[in-house]
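query-v5.tsv follows (TSV, C-alpha atoms (C1' of nucleotides) and all ligand atoms):
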chain	number	residue	atom	x	y	z
G	1	MET	CA	15.79	18.57	3.36
G	2	ASN	CA	13.37	21.16	4.59
G	3	THR	CA	12.67	19.93	8.06
G	4	PRO	CA	14.41	17.59	10.48
G	5	ILE	CA	11.41	15.28	10.48
G	6	GLU	CA	11.92	14.51	6.79
G	7	THR	CA	15.04	12.50	7.53
G	8	SER	CA	14.15	11.18	10.98
G	9	PRO	CA	14.75	7.42	10.94
G	10	PRO	CA	11.93	5.52	12.67
G	11	PRO	CA	8.32	6.20	11.72
G	12	PRO	CA	6.30	6.40	14.89
G	13	PRO	CA	4.64	3.21	16.11
G	14	ARG	CA	0.95	3.27	16.84
G	15	SER	CA	1.83	4.68	20.19
G	16	GLU	CA	-1.11	4.94	22.45
G	17	HIS	CA	-2.60	1.49	22.48
G	18	ASP	CA	-2.22	-1.95	23.97
G	19	HIS	CA	-0.96	-3.87	21.00
G	20	GLN	CA	-0.78	-7.14	22.91
G	21	LYS	CA	-4.53	-6.93	22.99
G	22	CYS	CA	-4.71	-6.55	19.19
G	23	VAL	CA	-2.46	-9.58	18.81
G	24	SER	CA	-4.23	-11.85	21.24
G	25	GLU	CA	-7.63	-10.95	19.84
G	26	ALA	CA	-6.53	-11.56	16.28
G	27	ILE	CA	-4.77	-14.83	17.02
G	28	GLY	CA	-7.55	-16.03	19.26
G	29	THR	CA	-10.18	-15.30	16.64
G	30	ALA	CA	-8.08	-16.98	13.98
G	31	GLU	CA	-7.65	-20.14	16.05
G	32	HIS	CA	-11.33	-20.23	16.79
G	33	LEU	CA	-12.44	-19.68	13.20
G	34	CYS	CA	-10.13	-22.36	11.90
G	35	VAL	CA	-11.46	-24.91	14.35
G	36	VAL	CA	-15.04	-24.01	13.49
G	37	ARG	CA	-14.32	-24.24	9.80
G	38	GLY	CA	-12.37	-27.45	10.04
G	39	VAL	CA	-9.24	-25.99	8.46
G	40	GLN	CA	-5.74	-26.25	9.83
G	41	LEU	CA	-3.95	-23.29	11.34
G	42	THR	CA	-0.68	-25.18	11.11
G	43	PRO	CA	2.50	-24.02	12.89
G	44	ILE	CA	3.78	-22.27	9.77
G	45	ARG	CA	0.48	-20.50	9.17
G	46	HIS	CA	0.26	-19.54	12.81
G	47	GLN	CA	3.79	-18.16	12.81
G	48	VAL	CA	3.18	-16.15	9.66
G	49	LEU	CA	0.02	-14.71	11.15
G	50	GLU	CA	1.94	-13.76	14.28
G	51	LEU	CA	4.69	-12.15	12.23
G	52	ILE	CA	2.12	-10.10	10.34
G	53	TRP	CA	0.57	-9.00	13.60
G	54	GLU	CA	3.85	-7.76	15.03
G	55	SER	CA	2.66	-4.35	13.88
G	56	HIS	CA	-0.13	-2.61	12.03
G	57	LYS	CA	2.18	-1.94	9.13
G	58	ALA	CA	1.78	-3.49	5.72
G	59	VAL	CA	4.51	-6.08	5.36
G	60	LYS	CA	6.08	-7.60	2.24
G	61	ALA	CA	6.15	-11.30	1.49
G	62	TYR	CA	9.92	-11.53	1.32
G	63	GLU	CA	10.29	-9.58	4.53
G	64	LEU	CA	8.02	-12.12	6.19
G	65	LEU	CA	10.14	-14.84	4.66
G	66	ASP	CA	13.27	-13.40	6.22
G	67	ARG	CA	11.58	-13.21	9.58
G	68	LEU	CA	10.16	-16.73	9.28
G	69	LYS	CA	13.48	-18.36	8.39
G	70	PRO	CA	14.86	-18.35	11.96
G	71	LEU	CA	11.75	-20.28	12.98
G	72	GLN	CA	11.47	-22.49	9.88
G	73	SER	CA	14.86	-23.02	8.37
G	74	ALA	CA	13.39	-24.72	5.30
G	75	ALA	CA	11.23	-21.72	4.46
G	76	LYS	CA	11.22	-20.69	0.81
G	77	PRO	CA	9.05	-18.27	-1.19
G	78	ALA	CA	6.43	-20.97	-1.70
G	79	THR	CA	6.25	-21.45	2.06
G	80	ILE	CA	5.26	-17.85	2.60
G	81	TYR	CA	2.96	-17.53	-0.36
G	82	ARG	CA	1.09	-20.68	0.60
G	83	ALA	CA	0.61	-19.42	4.13
G	84	LEU	CA	-0.49	-16.03	2.84
G	85	ASP	CA	-2.94	-17.64	0.42
G	86	PHE	CA	-4.45	-19.61	3.25
G	87	LEU	CA	-4.72	-16.62	5.56
G	88	ILE	CA	-6.34	-14.54	2.83
G	89	GLU	CA	-8.80	-17.29	1.94
G	90	GLN	CA	-9.80	-17.50	5.57
G	91	GLY	CA	-10.19	-13.74	5.79
G	92	LEU	CA	-7.52	-13.44	8.47
G	93	ILE	CA	-5.34	-10.98	6.60
G	94	HIS	CA	-5.72	-8.44	3.82
G	95	ARG	CA	-3.61	-8.20	0.77
G	96	VAL	CA	-2.85	-4.51	0.18
G	97	GLU	CA	-3.00	-4.46	-3.58
G	98	SER	CA	-1.41	-1.09	-4.10
G	99	LEU	CA	1.65	-2.06	-2.04
G	100	ASN	CA	1.99	-5.76	-2.86
G	101	ALA	CA	1.96	-6.25	0.87
G	102	PHE	CA	-0.10	-7.77	3.65
G	103	VAL	CA	-1.68	-6.67	6.88
G	104	GLY	CA	-3.67	-8.37	9.61
G	105	CYS	CA	-7.45	-8.13	9.37
G	106	SER	CA	-8.96	-6.43	12.40
G	107	SER	CA	-12.41	-7.79	11.74
G	108	SER	CA	-11.94	-11.45	10.86
G	109	GLY	CA	-15.22	-13.24	11.00
G	110	HIS	CA	-17.23	-10.07	10.57
G	111	GLN	CA	-17.49	-8.22	7.31
G	112	HIS	CA	-14.14	-8.37	5.66
G	113	GLU	CA	-14.27	-5.81	2.89
G	114	GLN	CA	-13.47	-2.46	4.30
G	115	LEU	CA	-11.67	0.75	3.60
G	116	LEU	CA	-7.94	0.53	4.06
G	117	LEU	CA	-6.30	3.80	5.07
G	118	ILE	CA	-2.62	3.49	4.30
G	119	CYS	CA	-0.26	5.99	5.84
G	120	LYS	CA	2.74	6.95	3.72
G	121	HIS	CA	4.56	8.20	6.75
G	122	CYS	CA	4.30	5.39	9.31
G	123	ASN	CA	3.20	2.71	6.82
G	124	GLU	CA	0.42	1.58	9.13
G	125	VAL	CA	-2.90	0.46	7.70
G	126	GLU	CA	-6.17	1.27	9.35
G	127	GLU	CA	-9.29	-0.64	8.50
G	128	ARG	CA	-12.64	1.10	8.58
G	129	PRO	CA	-16.08	-0.40	7.99
G	130	ALA	CA	-17.38	2.86	6.53
G	131	THR	CA	-20.90	1.59	6.24
G	132	GLU	CA	-22.20	4.66	4.45
G	133	VAL	CA	-19.55	4.42	1.80
G	134	MET	CA	-20.22	0.73	1.37
G	135	GLN	CA	-23.91	1.32	1.10
G	136	ALA	CA	-23.47	3.98	-1.57
G	137	LEU	CA	-21.09	1.64	-3.32
G	138	SER	CA	-23.54	-1.25	-3.33
G	139	GLN	CA	-26.16	1.02	-4.83
G	140	GLU	CA	-23.79	2.23	-7.48
G	141	LEU	CA	-22.80	-1.31	-8.40
G	142	ASP	CA	-26.40	-2.45	-8.52
G	143	GLN	CA	-27.19	0.42	-10.83
G	144	ALA	CA	-24.28	-0.59	-13.02
G	145	GLY	CA	-25.55	-4.16	-13.10
G	146	PHE	CA	-22.15	-5.31	-11.93
G	147	ILE	CA	-21.85	-8.60	-10.01
G	148	VAL	CA	-19.25	-8.06	-7.31
G	149	HIS	CA	-16.73	-10.73	-6.39
G	150	SER	CA	-14.35	-8.62	-4.36
G	151	LYS	CA	-13.51	-5.05	-3.51
G	152	ALA	CA	-10.23	-3.28	-2.88
G	153	ILE	CA	-10.64	0.21	-1.52
G	154	GLU	CA	-7.27	1.62	-0.64
G	155	ILE	CA	-6.65	5.22	0.35
G	156	HIS	CA	-3.11	6.52	0.55
G	157	GLY	CA	-2.17	9.53	2.57
G	158	ILE	CA	-1.18	10.62	6.06
G	159	CYS	CA	-2.90	9.24	9.11
G	160	ILE	CA	-4.12	11.42	11.91
G	161	LYS	CA	-1.23	10.52	14.19
G	162	CYS	CA	1.33	11.45	11.58
G	163	VAL	CA	-0.48	14.62	10.55
G	164	ALA	CA	0.15	15.87	14.04
G	165	LEU	CA	3.84	15.11	13.72
G	166	CYS	CA	4.57	16.42	10.25
G	167	ASN	CA	2.69	19.56	9.43
G	168	GLU	CA	4.68	21.14	6.66
G	169	GLN	CA	6.10	18.39	4.47
G	170	ASP	CA	5.56	15.24	2.40
Z	171	MET	CA	-15.64	-27.81	-17.25
Z	172	ASN	CA	-19.32	-27.25	-16.53
Z	173	THR	CA	-20.38	-25.26	-19.51
Z	174	PRO	CA	-19.01	-24.64	-22.96
Z	175	ILE	CA	-18.68	-20.93	-22.24
Z	176	GLU	CA	-16.08	-21.62	-19.56
Z	177	THR	CA	-13.55	-22.67	-22.18
Z	178	SER	CA	-14.64	-20.42	-25.03
Z	179	PRO	CA	-11.54	-18.62	-26.32
Z	180	PRO	CA	-12.18	-14.92	-26.96
Z	181	PRO	CA	-13.79	-12.81	-24.25
Z	182	PRO	CA	-16.34	-10.57	-25.93
Z	183	PRO	CA	-15.20	-7.11	-26.95
Z	184	ARG	CA	-17.21	-4.14	-25.77
Z	185	SER	CA	-19.50	-4.79	-28.65
Z	186	GLU	CA	-22.06	-2.12	-29.11
Z	187	HIS	CA	-20.08	1.05	-29.32
Z	188	ASP	CA	-17.95	3.16	-31.61
Z	189	HIS	CA	-14.53	2.53	-30.20
Z	190	GLN	CA	-12.86	4.79	-32.73
Z	191	LYS	CA	-14.66	7.58	-30.97
Z	192	CYS	CA	-13.22	6.52	-27.60
Z	193	VAL	CA	-9.75	6.47	-29.09
Z	194	SER	CA	-9.91	9.78	-30.89
Z	195	GLU	CA	-11.38	11.51	-27.87
Z	196	ALA	CA	-8.75	10.11	-25.55
Z	197	ILE	CA	-5.84	10.85	-27.85
Z	198	GLY	CA	-7.17	14.28	-28.72
Z	199	THR	CA	-7.61	15.20	-25.09
Z	200	ALA	CA	-4.16	13.90	-24.27
Z	201	GLU	CA	-2.53	15.92	-27.02
Z	202	HIS	CA	-4.38	19.00	-25.95
Z	203	LEU	CA	-3.57	18.62	-22.26
Z	204	CYS	CA	0.09	18.08	-22.93
Z	205	VAL	CA	0.31	21.23	-25.03
Z	206	VAL	CA	-1.49	23.25	-22.38
Z	207	ARG	CA	0.74	21.87	-19.67
Z	208	GLY	CA	3.95	22.31	-21.62
Z	209	VAL	CA	4.88	18.64	-21.39
Z	210	GLN	CA	5.94	16.44	-24.27
Z	211	LEU	CA	3.71	13.70	-25.62
Z	212	THR	CA	6.67	12.22	-27.47
Z	213	PRO	CA	6.28	9.56	-30.18
Z	214	ILE	CA	6.96	6.75	-27.70
Z	215	ARG	CA	4.48	8.11	-25.17
Z	216	HIS	CA	1.92	8.65	-27.91
Z	217	GLN	CA	2.37	5.13	-29.21
Z	218	VAL	CA	2.06	3.61	-25.75
Z	219	LEU	CA	-1.11	5.59	-25.14
Z	220	GLU	CA	-2.50	4.35	-28.45
Z	221	LEU	CA	-1.59	0.77	-27.60
Z	222	ILE	CA	-3.37	1.07	-24.27
Z	223	TRP	CA	-6.42	2.45	-26.00
Z	224	GLU	CA	-6.66	-0.44	-28.44
Z	225	SER	CA	-9.24	-1.79	-26.04
Z	226	HIS	CA	-10.90	-1.13	-22.71
Z	227	LYS	CA	-9.04	-4.07	-21.18
Z	228	ALA	CA	-6.41	-3.72	-18.53
Z	229	VAL	CA	-3.08	-4.40	-20.16
Z	230	LYS	CA	0.22	-5.53	-18.67
Z	231	ALA	CA	3.46	-3.61	-19.02
Z	232	TYR	CA	5.33	-6.43	-20.72
Z	233	GLU	CA	2.45	-7.03	-23.10
Z	234	LEU	CA	2.66	-3.36	-24.08
Z	235	LEU	CA	6.39	-3.79	-24.48
Z	236	ASP	CA	5.88	-6.66	-26.92
Z	237	ARG	CA	3.42	-4.60	-28.88
Z	238	LEU	CA	5.66	-1.55	-28.87
Z	239	LYS	CA	8.76	-3.36	-30.11
Z	240	PRO	CA	7.67	-3.53	-33.76
Z	241	LEU	CA	7.33	0.26	-33.64
Z	242	GLN	CA	10.36	1.00	-31.46
Z	243	SER	CA	12.95	-1.68	-31.94
Z	244	ALA	CA	15.07	-0.36	-29.07
Z	245	ALA	CA	12.23	-0.66	-26.59
Z	246	LYS	CA	13.18	-2.21	-23.26
Z	247	PRO	CA	11.33	-2.46	-19.93
Z	248	ALA	CA	12.53	1.00	-18.94
Z	249	THR	CA	11.04	2.38	-22.14
Z	250	ILE	CA	7.59	1.19	-21.22
Z	251	TYR	CA	7.77	2.01	-17.55
Z	252	ARG	CA	8.93	5.54	-18.27
Z	253	ALA	CA	6.10	6.09	-20.72
Z	254	LEU	CA	3.62	4.63	-18.23
Z	255	ASP	CA	4.97	6.84	-15.45
Z	256	PHE	CA	4.51	9.88	-17.63
Z	257	LEU	CA	0.97	8.93	-18.67
Z	258	ILE	CA	-0.01	8.26	-15.07
Z	259	GLU	CA	1.49	11.55	-13.86
Z	260	GLN	CA	-0.51	13.36	-16.51
Z	261	GLY	CA	-3.69	11.53	-15.53
Z	262	LEU	CA	-4.04	9.98	-18.97
Z	263	ILE	CA	-4.11	6.38	-17.81
Z	264	HIS	CA	-4.89	4.47	-14.63
Z	265	ARG	CA	-2.73	1.91	-12.98
Z	266	VAL	CA	-4.96	-0.96	-11.92
Z	267	GLU	CA	-3.26	-1.85	-8.66
Z	268	SER	CA	-4.95	-5.16	-8.12
Z	269	LEU	CA	-3.89	-6.43	-11.54
Z	270	ASN	CA	-0.50	-4.76	-11.98
Z	271	ALA	CA	-1.93	-3.48	-15.23
Z	272	PHE	CA	-2.93	-0.30	-16.99
Z	273	VAL	CA	-5.99	1.12	-18.68
Z	274	GLY	CA	-6.83	4.34	-20.46
Z	275	CYS	CA	-8.52	7.04	-18.43
Z	276	SER	CA	-11.90	7.99	-19.81
Z	277	SER	CA	-12.03	11.28	-17.97
Z	278	SER	CA	-8.61	12.84	-18.40
Z	279	GLY	CA	-8.69	16.45	-17.40
Z	280	HIS	CA	-11.78	16.03	-15.29
Z	281	GLN	CA	-11.77	14.32	-11.93
Z	282	HIS	CA	-9.43	11.41	-12.18
Z	283	GLU	CA	-10.13	9.29	-9.13
Z	284	GLN	CA	-13.03	7.08	-9.84
Z	285	LEU	CA	-14.40	3.63	-9.26
Z	286	LEU	CA	-12.86	1.01	-11.48
Z	287	LEU	CA	-15.14	-1.92	-12.28
Z	288	ILE	CA	-12.98	-4.76	-13.46
Z	289	CYS	CA	-14.64	-7.65	-15.24
Z	290	LYS	CA	-13.08	-11.05	-14.63
Z	291	HIS	CA	-14.69	-12.42	-17.73
Z	292	CYS	CA	-13.88	-9.92	-20.46
Z	293	ASN	CA	-11.10	-8.13	-18.54
Z	294	GLU	CA	-12.50	-4.74	-19.45
Z	295	VAL	CA	-12.38	-1.90	-16.97
Z	296	GLU	CA	-15.19	0.56	-16.60
Z	297	GLU	CA	-14.64	3.86	-14.89
Z	298	ARG	CA	-17.44	5.46	-12.92
Z	299	PRO	CA	-17.47	8.83	-11.18
Z	300	ALA	CA	-19.85	7.55	-8.49
Z	301	THR	CA	-20.24	10.93	-6.91
Z	302	GLU	CA	-22.31	9.68	-4.00
Z	303	VAL	CA	-19.73	7.09	-3.09
Z	304	MET	CA	-16.98	9.66	-3.36
Z	305	GLN	CA	-18.89	12.09	-1.23
Z	306	ALA	CA	-19.47	9.52	1.50
Z	307	LEU	CA	-15.82	8.59	1.24
Z	308	SER	CA	-14.65	12.16	1.67
Z	309	GLN	CA	-16.80	12.49	4.75
Z	310	GLU	CA	-15.45	9.27	6.18
Z	311	LEU	CA	-11.87	10.33	5.58
Z	312	ASP	CA	-12.47	13.75	7.09
Z	313	GLN	CA	-13.90	12.09	10.16
Z	314	ALA	CA	-10.87	9.87	10.36
Z	315	GLY	CA	-8.62	12.92	10.10
Z	316	PHE	CA	-6.84	11.27	7.22
Z	317	ILE	CA	-5.09	13.47	4.62
Z	318	VAL	CA	-5.67	11.84	1.24
Z	319	HIS	CA	-2.98	11.67	-1.41
Z	320	SER	CA	-4.55	9.12	-3.70
Z	321	LYS	CA	-7.35	6.61	-3.90
Z	322	ALA	CA	-7.59	3.21	-5.51
Z	323	ILE	CA	-11.11	1.84	-5.59
Z	324	GLU	CA	-11.18	-1.36	-7.55
Z	325	ILE	CA	-14.15	-3.67	-7.78
Z	326	HIS	CA	-13.74	-7.11	-9.29
Z	327	GLY	CA	-16.63	-9.07	-10.67
Z	328	ILE	CA	-18.69	-9.58	-13.79
Z	329	CYS	CA	-19.80	-6.68	-15.92
Z	330	ILE	CA	-23.32	-6.28	-17.15
Z	331	LYS	CA	-22.48	-7.44	-20.66
Z	332	CYS	CA	-20.85	-10.60	-19.44
Z	333	VAL	CA	-23.60	-11.33	-16.92
Z	334	ALA	CA	-25.94	-11.64	-19.84
Z	335	LEU	CA	-23.59	-14.12	-21.51
Z	336	CYS	CA	-22.66	-16.36	-18.62
Z	337	ASN	CA	-25.50	-16.94	-16.23
Z	338	GLU	CA	-24.50	-20.09	-14.42
Z	339	GLN	CA	-20.72	-20.09	-13.92
Z	340	ASP	CA	-17.59	-18.35	-12.74
I	341	DA	C1'	30.01	29.21	-32.84
I	342	DA	C1'	31.02	26.98	-28.39
I	343	DA	C1'	29.57	25.84	-24.01
I	344	DT	C1'	25.99	24.44	-21.18
I	345	DC	C1'	21.83	22.48	-19.65
I	346	DG	C1'	17.78	19.60	-19.14
I	347	DG	C1'	14.57	16.26	-20.77
I	348	DA	C1'	14.14	12.04	-23.19
I	349	DT	C1'	15.93	7.86	-24.54
I	350	DG	C1'	19.39	3.89	-24.91
I	351	DT	C1'	21.59	0.26	-22.47
I	352	DT	C1'	22.96	-3.06	-19.07
I	353	DA	C1'	22.23	-5.12	-15.03
I	354	DT	C1'	19.68	-6.42	-11.21
I	355	DA	C1'	16.00	-6.24	-7.64
I	356	DT	C1'	11.48	-7.64	-6.32
I	357	DT	C1'	7.37	-10.28	-6.48
I	358	DA	C1'	5.13	-14.59	-7.56
I	359	DT	C1'	4.17	-19.23	-9.45
I	360	DA	C1'	4.90	-23.95	-11.56
I	361	DA	C1'	5.97	-28.51	-11.07
I	362	DC	C1'	7.32	-32.27	-8.85
I	363	DT	C1'	8.48	-34.87	-4.50
I	364	DC	C1'	7.92	-36.42	0.07
I	365	DC	C1'	5.56	-37.10	4.37
I	366	DC	C1'	1.88	-38.30	7.22
I	367	DG	C1'	-2.72	-39.25	8.91
I	368	DT	C1'	-7.25	-41.04	7.44
I	369	DT	C1'	-9.93	-44.25	5.36
I	370	DA	C1'	-11.52	-48.07	2.39
X	371	DT	C1'	-2.18	-52.77	3.03
X	372	DA	C1'	-3.42	-49.56	-0.49
X	373	DA	C1'	-5.28	-45.39	-1.89
X	374	DC	C1'	-6.07	-40.77	-0.99
X	375	DG	C1'	-5.50	-35.90	0.28
X	376	DG	C1'	-3.56	-31.94	2.56
X	377	DG	C1'	0.55	-29.81	3.83
X	378	DA	C1'	5.17	-28.94	3.17
X	379	DG	C1'	10.01	-29.42	0.85
X	380	DT	C1'	12.60	-28.36	-3.20
X	381	DT	C1'	14.14	-26.58	-7.56
X	382	DA	C1'	13.54	-23.75	-11.11
X	383	DT	C1'	11.71	-19.98	-13.47
X	384	DA	C1'	8.23	-16.46	-14.69
X	385	DA	C1'	6.57	-11.87	-14.24
X	386	DT	C1'	6.99	-7.27	-12.60
X	387	DA	C1'	9.83	-3.25	-11.75
X	388	DT	C1'	13.88	-0.22	-10.89
X	389	DA	C1'	18.80	1.49	-10.63
X	390	DA	C1'	22.56	3.45	-12.71
X	391	DC	C1'	25.00	5.33	-16.16
X	392	DA	C1'	25.69	6.71	-21.12
X	393	DT	C1'	24.08	9.20	-25.08
X	394	DC	C1'	21.45	12.26	-27.83
X	395	DC	C1'	19.32	16.47	-29.04
X	396	DG	C1'	17.27	20.80	-29.00
X	397	DA	C1'	17.05	25.25	-26.47
X	398	DT	C1'	19.55	28.83	-24.00
X	399	DT	C1'	23.42	31.25	-22.80
X	400	DT	C1'	28.01	33.03	-23.46
C	1	ZN	ZN	-2.30	-2.89	17.83
C	2	ZN	ZN	0.95	7.45	9.97
C	3	ZN	ZN	-14.35	2.18	-26.65
C	4	ZN	ZN	-17.18	-8.40	-18.89
The structure given in the file should be rewritten as structure tokens.
Ligand SMILES: [Zn+2]
Ligand SMILES: [Zn+2]
Ligand SMILES: [Zn+2]
Ligand SMILES: [Zn+2]
Amino acid sequence: MNTPIETSPPPPPRSEHDHQKCVSEAIGTAEHLCVVRGVQLTPIRHQVLELIWESHKAVKAYELLDRLKPLQSAAKPATIYRALDFLIEQGLIHRVESLNAFVGCSSSGHQHEQLLLICKHCNEVEERPATEVMQALSQELDQAGFIVHSKAIEIHGICIKCVALCNEQD
Amino acid sequence: MNTPIETSPPPPPRSEHDHQKCVSEAIGTAEHLCVVRGVQLTPIRHQVLELIWESHKAVKAYELLDRLKPLQSAAKPATIYRALDFLIEQGLIHRVESLNAFVGCSSSGHQHEQLLLICKHCNEVEERPATEVMQALSQELDQAGFIVHSKAIEIHGICIKCVALCNEQD
DNA sequence: AAATCGGATGTTATATTATAACTCCCGTTA
DNA sequence: TAACGGGAGTTATAATATAACATCCGATTT
């Protein structure tokens, strides 16, 4: 209880940006990729993707379930997990391993394995290509003789927006 | 069911090395660090650390619990999770986020945040300092203005020992 | 010695996350 | 029509993790 910010209720939203643009880009790309690939972005899958894209925050499976139920009254855990599995397979969302949570992928269709910067304060997840890191990593893994299947690079801390807000705590 | 190896029962142990040395180093370092830090490596914590160090594989909490019970008949989930929390706080083990599992830390007392190379075939976890990757990462995070609290860098694939064994599957 | 305190553990219950297994439906195709 | 396959419905349960409160025990203080 050092500072008032510590107990302030709503973590700040990613303020200064046109989030509708994020959403329409992500959904548009998803629809396009699914057509191209001949896989079905069914109503449930589409709705789950939209729910995930309501923010840049990592979101839990059961929270998604609660938010899906008004739209799909029959929704059960399997409903959500199947949709999530599909979206992950198609590279449309990321699973945030260290949170058991999920976040929209900002680069679907391009390279999918990126740095995830996870803010403890606002809970938003920023994706970064970080090509130099990835290059050094590839070299390291080659040297180790390790055959890569997948990478999870997750950094926890305070994002630049929140650093500005909370300078003496957390 | 392509090859006989696919269904072969025991994944190969890290064959060519003196594992007793790994264990005694890790336990010795842990004991030393706890004395220096004035924290208690109690019998339960010591036993859990030893159980984790029985191999280089990532091990699940409830598997540890089963293996602890013969030694500590009162052991319950909280017993294990408390010991794991302590060992993680002290930097003596890693939590493998993408597996919900735990593995001994090979560099306790030195830098603790390293690459984890996780083999899908033998389930062993190799830790690598990867200084060039870490350096590039620090730069990237500085550029992003992100204040780091912790890092989880987990690479899944096939380790060099297993690559030699299974060349046409998985 | 008695009181107090804090860290560790015991104990019970429950929350959270995830999957298995089986059924049904529906559109395509042989 | 029959067979098939993908998606979804449904029920049950597995696996992972924490909360909350009680007890113990050794060290410190009174
Ligand atoms: Zn946005
Ligand atoms: Zn933030
Ligand atoms: Zn060893
Ligand atoms: Zn291996």
For C1' of DC395 in chain X and CA of Ala253 in chain Z, the interatomic separation in Å (one decimal)
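About the pair C1' of DC395 in chain X and CA of Ala253 in chain Z: they are 18.8 Å apart.
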Mind listing as a PDB file with C-alpha atoms, in the frame of the given file which residues of chain G are within 9 Å of chain I, counting only C-alpha atoms (C1' of nucleotides)?
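This is the output file selection-v9.pdb:
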ATOM      1  CA  ALA G  61       6.150 -11.300   1.490  1.00  0.00           C
ATOM      2  CA  TYR G  62       9.920 -11.530   1.320  1.00  0.00           C
ATOM      3  CA  PRO G  77       9.050 -18.270  -1.190  1.00  0.00           C
ATOM      4  CA  ALA G  78       6.430 -20.970  -1.700  1.00  0.00           C
ATOM      5  CA  TYR G  81       2.960 -17.530  -0.360  1.00  0.00           C
ATOM      6  CA  ASN G 100       1.990  -5.760  -2.860  1.00  0.00           C
TER       7      ASN G 100
END
Show me which bits of chain G are within 12 Å of chain Z, counting all atoms listed in the file, as number ranges by chain.
G: 95-101, 113-121, 125-164, 166-167, 170
Take CA of Pro43 in chain G and CA of Ala26 in chain G and report the distance between them in Å, one decimal.
15.8 Å
Counting all atoms listed in the file, what are the residues, protein, DNA or RNA alike, that approach ligand ZN 3 (chain C) to within 12 Å? I want them as a list in words.
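Written in the requested form, the residues are Pro183, Arg184, Ser185, Glu186, His187, Asp188, His189, Gln190, Lys191, Cys192, Val193, Ser194, Glu195, Ala196, Ile222, Trp223, Glu224, Ser225, His226, Lys227, Val273, Gly274, Cys275, Ser276, Glu294, Val295, Glu296 and Glu297 of chain Z.
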Closest-contact table, chain G side, partner chain X, 9 Å, counting only C-alpha atoms (C1' of nucleotides), as CSV:
residue,atom,partner,partner_atom,distance
G:Thr42,CA,X:DG377,C1',8.7
G:Ala74,CA,X:DG379,C1',7.3
G:Ala75,CA,X:DG379,C1',8.6
G:Lys76,CA,X:DT380,C1',8.8
G:Thr79,CA,X:DA378,C1',7.6
